[in-house]
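The structure appears below as structure tokens.
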Amino acid sequence: MKKLYLYSILVLAVVISFIFDKNISIFFTSYRISILSSLAIFIDFVAWYVLFSIILMVIILSKNYKKILPLILSLFLYLILTNGLKIIISRERPFVELQNELVQTLNPDRSFPSGHATAMFTVLNFMDKMKYLWIFFGIIVILSRVYLGVHYLSDVIFGMLLGLLIGDLTNYIVKNYKLLNKFKLS
């Protein structure tokens, strides 16, 4: 029931943020500070494959091999859903309209949803003892995406929602299909 409330709040936040996206983007990009810009640019360079590789190394080093297959399943779902939505929706990034680019991006029309936000919250299931710290870092990543002008607020909130849904879908598949029953998430 708690997840239903969380998902409902996030859906409402996405809908409300669509209304104010442009104003929020203008606000975030109008008050840039060099140290925050440097941090946000660094976060921009940490791609999804780096994130999933780090999680995989932590799983292997902690000898928690039961989580490898669910991580691969999460990665597969992340790639299919995030890239599929980006292609289908083809939303322009804020810097295109507002002309306030800080980073070079390959796809100026692939804003929705945020891949960084989706990746951060897809791997939340694998952060056993560091869940709250990971959520904190996830929020920093989300804010950095809006700060850079590469995403609207609705892009990152939906990315968070999509990542949480991918994590739940992975848990559901692992629990309910005999093929994966040996690889349950703890």
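Within each chain, counting starts at residue 1; across the structure tokens, chains are named A, B, ... in the order shown, with ligands numbered 1 upward in that order.
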Margin query: With only C-alpha atoms as the counted atoms, please give the residues lying no more than 8 Å from A:Gly115, apart from itself and same-chain residues fewer than 6 positions off, as an MDAnalysis selection string.
Written below: chainID A and resid 48 82 159
Checklist line | Counting only C-alpha atoms, the option among A:Asn176, A:Ser144, A:Thr118, A:Ser111 closest to A:Ile80 | finding: A:Thr118
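In this comparison, which uses only C-alpha atoms, the residue of A:Met127, A:Ile140, A:Ala117, A:Ile41 approaching A:Gly163 most closely is A:Ala117.
Nearest-residue note for A:Phe126: choosing from A:Asn171, A:Ser17, A:Ser90, A:Ser8, the minimum distance belongs to A:Asn171, counting only C-alpha atoms.
Atom CA of A:Ser74 is positioned 25.0 Å from atom CA of A:Leu12.
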Notebook entry, point to check: From the set A:Leu56, A:Phe27, A:Lys67, A:Tyr49, which residue has the shortest atom-to-atom contact distance to A:Val174, counting only C-alpha atoms?
Noted result: A:Lys67
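From atom CA of A:Glu97 back to atom CA of A:Met120, the distance works out to 26.6 Å.
Nearest residue to A:Val123, choosing from A:Tyr65, A:Ser38, A:Ser154, A:Ile59 and counting only C-alpha atoms: A:Ile59.
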As a short mmCIF file (atom, residue, chain, number, x, y, z; two decimals) with C-alpha atoms, in the first residue's frame, which residues of stretch 1-175 of chain A does DSSP assign to alpha helix (DSSP H)?
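Once written, states.cif looks like this:
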```cif
data_model
loop_
_atom_site.label_atom_id
_atom_site.label_comp_id
_atom_site.auth_asym_id
_atom_site.auth_seq_id
_atom_site.Cartn_x
_atom_site.Cartn_y
_atom_site.Cartn_z
CA LYS A 2 2.91 2.36 0.72
CA LYS A 3 4.17 1.90 -2.84
CA LEU A 4 0.74 2.76 -4.23
CA TYR A 5 0.86 6.05 -2.33
CA LEU A 6 4.40 6.75 -3.51
CA TYR A 7 3.51 6.01 -7.13
CA SER A 8 0.35 8.14 -6.90
CA ILE A 9 2.34 11.07 -5.51
CA LEU A 10 4.98 10.72 -8.23
CA VAL A 11 2.36 10.57 -11.00
CA LEU A 12 0.71 13.68 -9.56
CA ALA A 13 4.13 15.39 -9.36
CA VAL A 14 4.82 14.56 -13.02
CA VAL A 15 1.46 15.99 -14.09
CA ILE A 16 1.92 19.17 -12.03
CA SER A 17 5.53 19.61 -13.16
CA PHE A 18 4.45 19.50 -16.82
CA ILE A 19 2.58 22.72 -16.13
CA PHE A 20 5.60 24.52 -14.67
CA ASP A 21 8.46 22.80 -16.54
CA LYS A 22 9.66 25.80 -18.52
CA ASN A 23 9.58 28.17 -15.52
CA ILE A 24 11.40 25.68 -13.30
CA SER A 25 14.04 25.12 -15.97
CA ILE A 26 14.57 28.86 -16.39
CA PHE A 27 14.92 29.25 -12.62
CA PHE A 28 17.47 26.42 -12.27
CA THR A 29 19.56 27.51 -15.23
CA SER A 30 19.50 31.22 -14.34
CA SER A 34 30.81 27.42 -11.10
CA ILE A 35 31.26 24.74 -8.41
CA LEU A 36 27.72 23.41 -8.91
CA SER A 37 28.21 23.51 -12.67
CA SER A 38 31.39 21.43 -12.31
CA LEU A 39 29.59 18.89 -10.09
CA ALA A 40 26.64 18.67 -12.48
CA ILE A 41 28.95 18.21 -15.48
CA PHE A 42 30.80 15.42 -13.63
CA ILE A 43 27.46 13.70 -12.91
CA ASP A 44 26.59 14.07 -16.60
CA PHE A 45 29.67 12.00 -17.53
CA TRP A 48 24.26 4.24 -17.05
CA TYR A 49 26.82 1.55 -17.92
CA VAL A 50 29.26 2.94 -15.32
CA LEU A 51 26.53 2.82 -12.69
CA PHE A 52 25.46 -0.74 -13.50
CA SER A 53 29.12 -1.85 -13.67
CA ILE A 54 29.83 -0.44 -10.20
CA ILE A 55 26.78 -2.22 -8.78
CA LEU A 56 27.85 -5.46 -10.48
CA MET A 57 31.36 -5.17 -8.99
CA VAL A 58 29.91 -4.57 -5.51
CA ILE A 59 27.66 -7.63 -5.91
CA ILE A 60 30.58 -9.79 -7.03
CA LEU A 61 32.94 -8.52 -4.31
CA ILE A 68 23.59 -10.86 -10.66
CA LEU A 69 20.73 -12.19 -12.79
CA PRO A 70 18.18 -9.71 -11.34
CA LEU A 71 20.67 -6.88 -12.04
CA ILE A 72 21.01 -8.03 -15.65
CA LEU A 73 17.21 -8.22 -15.93
CA SER A 74 16.93 -4.70 -14.47
CA LEU A 75 19.53 -3.45 -16.95
CA PHE A 76 17.63 -5.04 -19.85
CA LEU A 77 14.31 -3.51 -18.73
CA TYR A 78 16.00 -0.15 -18.18
CA LEU A 79 17.48 -0.09 -21.69
CA ILE A 80 14.29 -1.20 -23.44
CA LEU A 81 11.86 1.04 -21.55
CA THR A 82 13.98 4.19 -21.25
CA ASN A 83 15.24 4.20 -24.82
CA GLY A 84 11.87 3.15 -26.19
CA LEU A 85 10.14 6.05 -24.45
CA LYS A 86 12.85 8.49 -25.53
CA ILE A 87 12.37 7.48 -29.16
CA ILE A 88 8.56 7.42 -29.04
CA ILE A 89 8.15 10.72 -27.18
CA PRO A 94 15.29 22.44 -22.32
CA PHE A 95 18.58 23.88 -23.57
CA VAL A 96 17.30 23.68 -27.15
CA GLU A 97 14.41 26.03 -26.45
CA LEU A 98 16.12 28.14 -23.78
CA GLY A 115 18.06 8.08 -18.25
CA HIS A 116 20.20 9.15 -15.29
CA ALA A 117 17.18 9.37 -12.97
CA THR A 118 15.79 6.06 -14.23
CA ALA A 119 19.13 4.29 -13.73
CA MET A 120 19.62 5.67 -10.21
CA PHE A 121 16.24 4.41 -9.05
CA THR A 122 16.32 1.14 -11.03
CA LYS A 131 19.17 2.70 0.43
CA TYR A 132 18.68 6.10 2.06
CA LEU A 133 22.13 7.30 1.07
CA TRP A 134 21.40 6.14 -2.50
CA ILE A 135 18.09 8.06 -2.50
CA PHE A 136 20.01 11.17 -1.40
CA PHE A 137 22.48 10.74 -4.27
CA GLY A 138 19.56 10.05 -6.61
CA ILE A 139 18.00 13.38 -5.69
CA ILE A 140 21.33 15.15 -6.31
CA VAL A 141 21.51 13.49 -9.75
CA ILE A 142 17.93 14.52 -10.52
CA LEU A 143 18.55 18.13 -9.54
CA SER A 144 21.80 18.21 -11.53
CA ARG A 145 19.96 17.16 -14.69
CA VAL A 146 17.53 20.08 -14.36
CA TYR A 147 20.38 22.43 -13.37
CA LEU A 148 22.31 21.57 -16.53
CA LEU A 153 11.56 18.51 -13.91
CA SER A 154 8.85 16.21 -15.31
CA ASP A 155 11.55 14.20 -17.16
CA VAL A 156 13.46 13.42 -13.98
CA ILE A 157 10.42 12.76 -11.80
CA PHE A 158 9.07 10.36 -14.42
CA GLY A 159 12.56 8.81 -14.64
CA MET A 160 12.47 8.23 -10.89
CA LEU A 161 9.01 6.66 -11.18
CA LEU A 162 10.09 4.48 -14.10
CA GLY A 163 13.19 3.32 -12.22
CA LEU A 164 11.13 2.34 -9.18
CA LEU A 165 8.65 0.50 -11.42
CA ILE A 166 11.49 -1.37 -13.15
CA GLY A 167 12.80 -2.42 -9.74
CA ASP A 168 9.35 -3.67 -8.73
CA LEU A 169 8.87 -5.44 -12.06
CA THR A 170 12.24 -7.15 -11.61
CA ASN A 171 11.19 -8.28 -8.11
CA TYR A 172 7.89 -9.56 -9.48
CA ILE A 173 9.56 -11.55 -12.27
CA VAL A 174 12.16 -12.99 -9.90
CA LYS A 175 9.48 -14.06 -7.40
#
```
Note to self: Calculated over only C-alpha atoms, which of the candidates A:Val46, A:Lys66, A:Pro108, A:Asn125 has the smallest distance to A:Arg93?
What the structure shows: A:Pro108
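Atom CA of A:Leu124 to atom CA of A:Asp109 spans 27.4 Å [interatomic distance, one decimal].
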